[in-house]
Each structure stands twice: as structure tokens, then as C-alpha cells.
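> Contents are compact mmCIF, C-alpha atoms and all ligand atoms; file name data.txt:
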```txt
# COMPACT_ATOMS: atom_id res chain seq x y z
CA MET A 16 72.36 111.03 49.83
CA ALA A 17 74.52 109.37 52.48
CA GLU A 18 73.73 105.79 53.27
CA ARG A 19 71.58 105.74 56.38
CA PHE A 20 73.79 104.36 59.12
CA HIS A 21 71.42 104.64 62.03
CA SER A 22 69.90 101.26 61.30
CA ASP A 23 67.94 99.00 63.62
CA TRP A 24 71.19 97.14 64.14
CA ALA A 25 72.94 100.30 65.32
CA ARG A 26 70.04 101.16 67.64
CA THR A 27 70.24 97.75 69.26
CA ALA A 28 74.05 97.92 69.55
CA ILE A 29 73.93 101.36 71.18
CA ALA A 30 71.23 100.23 73.60
CA ALA A 31 73.30 97.19 74.61
CA LEU A 32 76.36 99.34 75.34
CA ARG A 33 74.32 101.88 77.28
CA GLU A 34 72.85 99.08 79.35
CA ASP A 35 76.38 97.88 80.17
CA ALA A 36 77.34 101.41 81.26
CA ALA A 37 74.26 101.99 83.38
CA SER A 38 74.08 98.76 85.31
CA VAL A 39 76.64 96.07 84.61
CA SER A 40 79.81 97.99 85.16
CA VAL A 41 79.41 100.15 88.25
CA THR A 42 82.30 98.93 90.40
CA PRO A 43 82.54 98.65 94.18
CA LEU A 44 84.54 100.92 96.50
CA ARG A 45 86.60 98.82 98.91
CA ARG A 46 86.80 100.91 102.04
CA ASP A 47 89.48 101.32 104.69
CA ILE A 48 92.19 99.29 103.00
CA GLU A 49 94.58 101.34 105.11
CA ARG A 50 93.89 103.79 107.91
CA PHE A 51 95.91 106.08 110.08
CA GLY A 52 93.95 106.79 113.25
CA GLU A 53 90.49 108.20 112.59
CA SER A 54 91.60 110.91 110.26
CA ILE A 55 93.28 109.43 107.15
CA ARG A 56 91.87 106.48 105.20
CA ILE A 57 92.73 104.85 101.88
CA HIS A 58 89.92 103.26 99.83
CA LEU A 59 90.21 101.32 96.54
CA LYS A 60 87.90 101.78 93.56
CA ASP A 61 87.86 98.23 92.24
CA GLU A 62 87.97 98.30 88.43
CA SER A 63 89.00 94.64 88.40
CA ALA A 64 85.30 93.99 89.06
CA GLN A 65 84.45 95.13 85.52
CA PRO A 66 83.03 92.32 83.35
CA THR A 67 86.35 92.20 81.49
CA GLY A 68 88.53 92.72 84.55
CA SER A 69 90.06 96.13 83.95
CA LEU A 70 89.61 99.86 83.65
CA LYS A 71 89.81 99.41 79.85
CA HIS A 72 86.25 98.10 79.90
CA ARG A 73 84.95 101.67 80.20
CA LEU A 74 87.26 103.14 77.57
CA VAL A 75 86.63 100.45 74.93
CA ARG A 76 82.86 100.71 75.44
CA ASP A 77 83.02 104.49 75.02
CA LEU A 78 85.20 104.16 71.89
CA LEU A 79 82.71 101.72 70.35
CA LEU A 80 79.80 104.01 71.22
CA HIS A 81 81.67 106.92 69.64
CA GLY A 82 82.25 104.85 66.50
CA LEU A 83 78.56 103.85 66.39
CA VAL A 84 77.08 107.31 66.86
CA SER A 85 79.60 108.73 64.36
CA GLY A 86 78.65 106.20 61.69
CA ASP A 87 82.15 104.71 61.60
CA ILE A 88 80.92 101.35 62.88
CA ARG A 89 78.02 99.69 61.10
CA GLU A 90 76.71 96.15 60.93
CA GLY A 91 79.65 93.92 59.98
CA THR A 92 82.39 96.59 60.25
CA THR A 93 85.75 95.06 61.21
CA VAL A 94 87.03 96.80 64.33
CA VAL A 95 90.82 96.99 64.70
CA GLU A 96 92.85 98.00 67.74
CA ALA A 97 96.56 98.10 68.54
CA THR A 98 97.06 96.62 72.00
CA GLY A 99 98.73 93.76 73.79
CA GLY A 100 96.88 94.36 77.01
CA GLY A 101 93.56 94.59 78.80
CA ALA A 102 91.95 96.63 76.02
CA ALA A 103 92.10 93.61 73.69
CA VAL A 104 90.06 91.51 76.13
CA SER A 105 87.50 94.28 76.56
CA LEU A 106 87.25 94.68 72.80
CA GLY A 107 86.80 90.92 72.40
CA TYR A 108 83.94 90.95 74.88
CA PHE A 109 82.06 93.81 73.23
CA ALA A 110 82.78 92.60 69.68
CA GLN A 111 81.20 89.27 70.58
CA MET A 112 78.24 91.07 72.17
CA LEU A 113 77.66 93.16 69.04
CA VAL A 114 78.68 90.39 66.59
CA LEU A 115 81.43 92.50 65.03
CA PRO A 116 84.57 91.00 63.46
CA PHE A 117 87.71 92.30 65.19
CA VAL A 118 91.48 92.26 64.83
CA ALA A 119 93.93 92.84 67.71
CA VAL A 120 97.33 94.02 66.51
CA MET A 121 99.85 93.08 69.18
CA PRO A 122 103.63 92.98 69.74
CA ALA A 123 105.14 89.66 68.60
CA ARG A 124 106.33 88.87 72.14
CA THR A 125 102.75 88.92 73.52
CA HIS A 126 102.10 85.96 75.81
CA PRO A 127 100.36 83.04 73.97
CA ALA A 128 97.64 82.99 76.66
CA GLN A 129 96.74 86.52 75.64
CA VAL A 130 96.51 85.45 71.98
CA GLU A 131 94.27 82.52 72.95
CA ALA A 132 92.02 84.82 74.96
CA ILE A 133 91.45 86.98 71.87
CA GLU A 134 90.81 83.97 69.67
CA ARG A 135 88.30 82.56 72.15
CA PHE A 136 86.26 85.75 71.64
CA GLY A 137 86.36 85.03 67.89
CA GLY A 138 88.96 87.72 67.17
CA ARG A 139 92.01 87.53 64.93
CA CYS A 140 95.49 88.39 66.23
CA GLU A 141 98.11 90.08 64.11
CA LEU A 142 101.58 89.84 65.66
CA VAL A 143 104.00 92.61 64.78
CA ASP A 144 107.65 93.44 65.36
CA PRO A 145 108.97 95.98 66.42
CA PRO A 146 106.34 96.66 69.11
CA LEU A 147 105.94 100.34 68.20
CA ALA A 148 104.79 99.32 64.69
CA ILE A 149 101.45 98.09 66.09
CA TYR A 150 99.82 101.51 65.65
CA GLU A 151 100.56 102.03 61.97
CA THR A 152 99.84 98.36 61.25
CA ALA A 153 96.41 98.63 62.90
CA ALA A 154 95.62 101.78 60.91
CA ARG A 155 96.72 100.07 57.67
CA ILE A 156 94.68 96.89 58.29
CA ALA A 157 91.57 98.96 59.03
CA GLU A 158 92.14 100.98 55.85
CA GLU A 159 92.65 97.86 53.69
CA GLN A 160 89.56 96.10 55.02
CA GLY A 161 87.27 99.13 55.09
CA GLY A 162 87.20 98.62 58.84
CA HIS A 163 87.45 100.98 61.80
CA TYR A 164 90.67 101.62 63.76
CA LEU A 165 89.55 102.24 67.33
CA ASP A 166 92.74 104.21 68.21
CA MET A 167 92.34 104.49 71.98
CA PHE A 168 95.29 106.86 72.42
CA GLY A 169 94.06 109.23 69.73
CA ARG A 170 90.33 109.08 70.48
CA ALA A 171 90.10 108.62 74.25
CA GLU A 172 89.33 112.26 74.83
CA ALA A 173 86.62 112.55 72.17
CA ALA A 174 84.91 109.38 73.36
CA THR A 175 84.89 109.94 77.13
CA ASP A 176 82.16 111.85 78.95
CA TRP A 177 83.58 113.95 81.82
CA ARG A 178 80.10 114.99 82.98
CA ALA A 179 78.57 111.66 83.86
CA GLY A 180 79.19 107.94 83.88
CA ASN A 181 82.89 108.08 84.76
CA VAL A 182 84.99 106.56 87.56
CA THR A 183 85.25 109.84 89.47
CA GLY A 184 81.51 110.44 89.45
CA GLU A 185 80.96 106.97 90.87
CA VAL A 186 83.63 107.52 93.55
CA LEU A 187 82.02 110.80 94.71
CA ALA A 188 78.64 109.08 94.95
CA GLN A 189 80.18 106.21 96.95
CA CYS A 190 82.05 108.38 99.50
CA GLU A 191 80.22 109.99 102.46
CA THR A 192 82.63 112.92 102.40
CA GLU A 193 84.60 114.40 99.51
CA PRO A 194 87.94 112.61 99.30
CA ARG A 195 91.14 114.66 99.66
CA TRP A 196 92.83 112.83 96.74
CA ILE A 197 91.98 110.55 93.84
CA VAL A 198 95.08 108.63 92.81
CA CYS A 199 95.27 106.92 89.41
CA GLY A 200 97.84 105.85 86.84
CA ALA A 201 98.13 107.22 83.31
CA GLY A 202 98.22 105.09 80.18
CA THR A 203 96.14 107.03 77.67
CA GLY A 204 95.80 109.62 80.46
CA ILE A 205 92.02 109.76 80.09
CA THR A 206 91.17 108.55 83.61
CA SER A 207 93.20 111.37 85.18
CA ALA A 208 91.96 114.03 82.73
CA THR A 209 88.33 113.00 83.20
CA ALA A 210 88.81 113.04 86.98
CA GLY A 211 90.17 116.61 86.84
CA ARG A 212 87.36 117.81 84.58
CA HIS A 213 84.57 116.08 86.50
CA LEU A 214 85.80 117.45 89.85
CA ARG A 215 85.77 121.02 88.50
CA TYR A 216 82.38 120.42 86.85
CA VAL A 217 80.75 119.40 90.16
CA GLY A 218 82.74 121.92 92.21
CA ALA A 219 84.55 119.36 94.38
CA ASP A 220 87.82 120.22 96.14
CA THR A 221 89.26 116.72 95.66
CA GLN A 222 92.69 116.75 94.03
CA VAL A 223 93.99 114.38 91.36
CA ALA A 224 97.35 112.62 91.62
CA VAL A 225 98.86 110.54 88.82
CA ALA A 226 101.20 107.77 89.99
CA ASP A 227 103.89 107.33 87.35
CA PRO A 228 106.31 104.39 86.85
CA GLU A 229 109.95 104.46 85.69
CA ASN A 230 110.65 105.34 82.03
CA SER A 231 107.36 107.20 81.67
CA SER A 232 107.18 110.65 80.09
CA TYR A 233 104.34 111.91 82.29
CA PHE A 234 106.32 112.85 85.40
CA PRO A 235 109.16 114.66 83.59
CA SER A 236 106.65 116.39 81.33
CA TRP A 237 104.50 117.55 84.25
CA ALA A 238 107.56 118.65 86.28
CA THR A 239 109.16 120.62 83.43
CA GLY A 240 105.97 121.90 81.81
CA TYR A 241 107.19 120.58 78.45
CA ALA A 242 104.36 118.66 76.74
CA GLY A 243 106.71 117.30 74.06
CA TYR A 244 108.82 115.37 76.57
CA ALA A 245 109.45 111.80 75.34
CA THR A 246 111.59 109.20 77.09
CA GLY A 247 111.11 106.84 74.13
CA MET A 248 111.29 103.99 76.65
CA PRO A 249 108.62 101.37 77.38
CA SER A 250 107.23 101.14 80.90
CA ARG A 251 107.51 97.85 82.77
CA ILE A 252 104.22 98.36 84.62
CA PRO A 253 101.36 97.08 82.41
CA GLY A 254 98.72 99.66 81.48
CA ILE A 255 100.55 102.78 82.73
CA GLY A 256 103.58 104.92 81.87
CA ARG A 257 104.26 105.94 78.28
CA PRO A 258 107.31 106.64 76.09
CA ARG A 259 105.69 109.92 75.06
CA VAL A 260 102.96 112.20 76.37
CA GLU A 261 99.71 110.91 74.88
CA PRO A 262 97.09 113.36 73.57
CA ALA A 263 94.50 112.70 76.32
CA PHE A 264 96.91 113.52 79.17
CA ASN A 265 96.48 117.07 80.46
CA ALA A 266 99.13 118.29 82.90
CA GLU A 267 97.11 121.44 83.70
CA ILE A 268 94.28 119.54 85.36
CA VAL A 269 96.21 117.09 87.50
CA ASP A 270 97.42 118.42 90.84
CA ALA A 271 100.41 116.13 91.28
CA VAL A 272 102.38 113.51 89.39
CA VAL A 273 104.19 111.18 91.78
CA PRO A 274 107.13 109.19 90.38
CA VAL A 275 107.25 105.64 91.78
CA PRO A 276 110.19 103.22 91.39
CA ASP A 277 109.08 99.96 89.73
CA ALA A 278 110.28 97.83 92.66
CA ALA A 279 108.15 100.01 94.96
CA SER A 280 105.11 99.43 92.70
CA VAL A 281 105.58 95.67 92.91
CA ALA A 282 106.23 95.81 96.68
CA ALA A 283 103.01 97.78 97.15
CA MET A 284 101.07 95.28 95.00
CA ARG A 285 102.38 92.40 97.13
CA TYR A 286 101.71 94.31 100.35
CA LEU A 287 98.10 94.86 99.32
CA ALA A 288 97.63 91.19 98.42
CA GLU A 289 99.48 89.63 101.36
CA ARG A 290 98.76 92.09 104.20
CA ARG A 291 95.41 93.53 103.15
CA GLY A 292 93.79 90.71 101.15
CA ALA A 293 93.39 93.05 98.17
CA GLU A 294 94.66 91.25 95.06
CA PHE A 295 95.42 93.64 92.23
CA GLY A 296 97.84 94.17 89.36
CA PRO A 297 101.11 96.14 89.43
CA SER A 298 99.60 99.48 88.31
CA THR A 299 97.46 99.41 91.46
CA GLY A 300 100.71 98.96 93.40
CA THR A 301 102.08 102.11 91.77
CA CYS A 302 98.97 104.06 92.77
CA PHE A 303 98.88 102.63 96.30
CA TRP A 304 102.55 103.54 96.87
CA ALA A 305 101.82 107.12 95.74
CA ALA A 306 98.74 107.21 98.02
CA MET A 307 100.86 106.11 101.01
CA GLU A 308 103.39 108.84 100.20
CA LEU A 309 100.62 111.45 99.95
CA ALA A 310 99.12 110.13 103.22
CA SER A 311 102.50 110.60 104.92
CA GLY A 312 102.52 114.22 103.72
CA MET A 313 98.97 114.75 105.04
CA GLN A 314 99.96 113.24 108.35
CA SER A 315 102.97 115.49 108.84
CA GLU A 316 100.89 118.55 107.90
CA GLY A 317 98.05 117.50 110.21
CA VAL A 318 95.56 117.25 107.32
CA ALA A 319 92.65 114.79 107.58
CA GLY A 320 90.77 113.08 104.74
CA ASP A 321 90.36 110.12 102.47
CA LEU A 322 92.43 109.00 99.50
CA VAL A 323 90.85 106.87 96.79
CA VAL A 324 93.09 104.69 94.63
CA VAL A 325 91.71 103.69 91.23
CA ALA A 326 92.68 100.01 91.01
CA GLY A 327 93.08 99.31 87.27
CA ASP A 328 93.05 95.51 87.17
CA GLY A 329 93.28 92.36 89.30
CA LYS A 330 95.85 89.69 90.10
CA GLN A 331 94.65 87.20 87.47
CA SER A 332 96.95 88.04 84.53
CA TYR A 333 100.07 88.32 86.69
CA ARG A 334 100.23 84.99 88.54
CA SER A 335 103.25 83.77 86.60
CA SER A 336 104.96 87.17 86.46
CA PHE A 337 104.66 89.90 89.11
CA TYR A 338 103.25 87.43 91.66
CA ASP A 339 106.05 84.91 91.06
CA ASP A 340 109.18 85.39 93.22
CA ALA A 341 111.50 83.59 90.79
CA TRP A 342 110.28 85.74 87.89
CA LEU A 343 110.76 88.91 89.96
CA SER A 344 114.35 88.12 90.86
CA ALA A 345 115.14 87.05 87.29
CA LYS A 346 113.89 90.48 86.18
CA GLY A 347 116.00 92.20 88.85
CA PHE A 348 113.22 93.56 91.08
CA ASP A 349 114.36 93.91 94.70
CA ILE A 350 111.15 94.60 96.57
CA GLU A 351 112.27 93.91 100.17
CA PRO A 352 113.49 97.44 101.08
CA HIS A 353 110.24 98.93 99.73
CA LEU A 354 108.10 96.40 101.59
CA ARG A 355 109.84 97.45 104.82
CA VAL A 356 109.02 101.12 104.11
CA LEU A 357 105.32 100.28 103.76
CA GLU A 358 105.25 98.08 106.84
CA GLU A 359 107.08 100.65 108.95
CA PHE A 360 104.68 103.37 107.80
CA ALA A 361 101.60 101.26 108.52
CA ALA A 362 102.92 100.32 111.97
CA SER A 363 104.42 103.58 113.20
CA GLY A 364 103.31 106.34 110.83
CA ARG A 365 106.92 107.07 109.86
CA TRP A 366 107.63 107.28 106.09
CA THR A 367 111.30 106.37 105.91
CA ILE A 368 112.31 107.47 102.42
C1 LIG B 401 94.91 101.62 80.93
C2 LIG B 401 95.19 101.27 82.33
C3 LIG B 401 95.41 102.27 83.31
C4 LIG B 401 95.43 103.76 82.97
O1 LIG B 401 94.28 104.25 82.41
P1 LIG B 401 94.19 105.45 81.36
O2 LIG B 401 92.84 105.97 81.56
O3 LIG B 401 94.41 104.85 80.00
O4 LIG B 401 95.24 106.48 81.65
C5 LIG B 401 95.66 101.85 84.61
N1 LIG B 401 95.72 100.55 84.94
C6 LIG B 401 95.52 99.57 84.03
C7 LIG B 401 95.63 98.16 84.45
C8 LIG B 401 95.25 99.90 82.70
O5 LIG B 401 95.06 98.92 81.80
```
Show me, as C-alpha cells, the structure contained in the file I just sent.

Amino acid sequence: MAERFHSDWARTAIAALREDAASVSVTPLRRDIERFGESIRIHLKDESAQPTGSLKHRLVRDLLLHGLVSGDIREGTTVVEATGGGAAVSLGYFAQMLVLPFVAVMPARTHPAQVEAIERFGGRCELVDPPLAIYETAARIAEEQGGHYLDMFGRAEAATDWRAGNVTGEVLAQCETEPRWIVCGAGTGITSATAGRHLRYVGADTQVAVADPENSSYFPSWATGYAGYATGMPSRIPGIGRPRVEPAFNAEIVDAVVPVPDAASVAAMRYLAERRGAEFGPSTGTCFWAAMELASGMQSEGVAGDLVVVAGDGKQSYRSSFYDDAWLSAKGFDIEPHLRVLEEFAASGRWTI
């Protein structure tokens, strides 16, 4: 007979994660960040308000729940994930909550502050070079230690509920009228896929747009209809854009993929922070730029409605990078022309690209 995994420990762990989902991590909608007359408005769904500061809070919680209800995570199981980003912080938070040992496998060039953050949660960091080796290393470590490889890219779809408890469901409940567009980025692709599924499930007419940075495979894949498209190049916008099309991304259920130049993403991030008092990370800039472009299309077609941008994380992790002018020019970002486009559009309603 199989060892009984649904122990009292597992019951308590599952209850704690469900409590987080039901109450702790419902995020606010910041309304009217931008408006064009009475008819077009842009709102932000603020995922930086998650207890661990990013959209990855939801995904990591769902992956842990999936592991628990599947019997892959038991009392004392070492949980392993390959990530240099926000997912590691979310995993640290939940691993501490559930008293699970965890290992974050990260690229060797990961910022030391990120490593410290993991260690403060009691996790162990494994630094690996080249960066793309993090996935097989994480799988191997889990195998060797009898642990569980979380595998967010591979398991996002199995773990995420498109019926209830997702970003899109919350957005619909928070809006008085059905938005015209939901605009998000795609890393694993699960936020966009869940949005598309949930909207069909509830019969809403809202459309889904994915805002895609340079080097990402999602825009060329969506535009050509070729799911195997792979740029093989890393994105420079943290959290979004991938060198290949990840399994959770579904081109059939997104209505548009909008390519956004990286300098435009950063300009939009700065515009939000400096002109609108909305301090978010660069992936939110990518989404906001795409929302402004979609708004310009609505305006010229005489279409009214709201656009909701899913803001993936906050300013905090980017103070000494994307928010630092010297860093930006050292990296070759010229944001001025893009800032002027946004300011001109906000002032006169003319999109000058
Ligand atoms: C992961 C991430 C996204 C994209 O979310 P997916 O659901 O994985 O496609 C957007 N913004 C940030 C900051 C992220 O970390």
C-alpha cells in the first residue's frame, strides 16, 4: 500500500495556502491612471501589492498546492526551483511558512542582494553557469535529494485554476463595466492563457493583449502561427519575454501580441512613476506602452472602454538599475524619444509612431 501522504501536516499546509489565496493576496485595482476624455481609461491591477511583491506569488502558491495535493510534497520535502527572479522570493516566503527546505538554482551573475534575500528565508542558493543550465541542474538536485522540482514553466498550466481565484476574475469583479482589454506580459505565459480561458468561461467580451519585449519568441510565434519559433535570446525585461515559446503560452486564446521596444518599456515605466505616481517594474512599462498603443487605436476608431494593465511587480528591485539614469545610459537605453511619444499622446491624443 502507498504511504499515506495526506497527513495532518499536509492538511495544515494546504489550509495555510488556501487562506493566503482567499484573503491575503487579493490585490487592488488602481483606477484612472490615464484617461482620454470620458470614454477611454487605463487602470492598473497592482500585483506588486502581493505579500512577496510580484505576480509570481500566485503561481508559486499554486505550484506548491499542486505538489501537495499530488503527494509530491510531504513534510520535509526539499523544494527546488530554477529562477533568478521574483519566483525565488515567493518560494522563500512560502517555504518558510510551511517549514520546507528549499534550493533556488540561479544564474551565476545573479545580484548578491537576491542571493541574500533567499538566504534570509532560510533557503540555499546554487549558482550555475551558463544561465540556461539552471533548469537541468534544478531537476538533477531534486532527483539526487529525493526532493521536488517545482518547474514553473512546465507545470504552470496544470497548477493554475482558470475558473476561479485568478487575476482576471478579480479584475472583472473590481470593474463596474467589462473592460475592453486586459494587457499583460508573458513569462511562463500562464497569466495570459488563464485570462483568455476565464473570459470565455464567464462569457465576457474583454480581449487579451500580451505586451512582448525585444528578443522574445512570443510575438514572432503569434504573428507567424509557428509554435516552435525560438529566438534563443534572453529578454532584457525581467519576468517577461522568452527565448522559446513556453508550454503554458497559448497563441489561440490571446487576441493580440504587441511588440514593444525595450527603451519604450523603460520610458513607460519612468512615465508611470514620474508623471502618474505609479511606481512599478519594467514589465509594467512594457504593458503600459502596449495599452497606450491600443488606446490610440480605440480613439481613432471611436471605440470607448477601459483597459486594465496587469502590473507584475514594483519599483523596489530596480532602484539601482532601470531607475538609475547612469545605469540606463551605460546599457544603451535611449528613453527620451519614447517619453516624448507618451507625453504627446497624453496631452493631445496624437500617437506619433
Ligand atoms: C512572471 C512575470 C510576468 C509574466 O507572468 P507569466 O504569468 O509567467 O506569463 C510579468 N511580470 C513580472 C514582473 C513577472 O515576474
> Measure the distance from CA of Gly296 (chain A) to CA of Ala279 (chain A) in Å and round it to one decimal.
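Here the two named atoms are 13.1 Å from each other.
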> Go through A:His72, A:Arg46, A:His163, A:Arg56 one by one, measure the shortest atom-to-atom distance of each to ligand LIG 401 (chain B) using all atoms listed in the file, and give the residue with the smallest value.
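Selected residue with least distance to ligand LIG 401 (chain B): A:His72.
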> Output the neighbourhood of ligand LIG 401 (chain B) as a list in words, that is, all protein and nucleic acid residues with some atom at most 6 Å from the ligand, counting all atoms listed in the file.
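Checking all atoms listed in the file against ligand LIG 401 (chain B) at 6 Å gives Ser69, Leu70, Lys71, Gly101, Gly200, Ala201, Gly202, Thr203, Gly204, Ile205, Thr206, Gly254, Ile255, Ser298, Gly327 and Asp328 of chain A.
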> Have a look at CA of Leu44 (chain A) and CA of Met313 (chain A) and let me know their distance in Å, one decimal.
21.7 Å
> Take CA of Thr27 (chain A) and CA of Leu83 (chain A) and report the distance between them in Å, one decimal.
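According to the coordinates, CA of Thr27 (chain A) and CA of Leu83 (chain A) are separated by 10.7 Å.
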> Report as a list in words all protein, DNA and RNA residues lying within 12 Å of Ala36 (chain A), evaluated on all atoms listed in the file, omitting residues in the same chain fewer than 6 positions from it.
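Returned residues: Ile29, Ala30, Thr42, Gln65, Pro66, His72, Arg73, Leu74, Val75, Arg76, Asp77, Leu80, Asp176, Ala179, Gly180, Asn181, Val182 and Glu185 of chain A.
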> Which residues come within 8 Å of region 215-227 of chain A, counting only C-alpha atoms, excluding same-chain residues fewer than 2 positions away, as a ChimeraX atom specification?
/A:178,193-201,207,210-213,229,231,233-234,255-256,268-275,301-302,305
> What lies within 8 Å of Leu59 (chain A) using all atoms listed in the file, ignoring chain neighbours under 2 positions off, as a ChimeraX atom specification?
/A:44-46,48,57,61,323-326
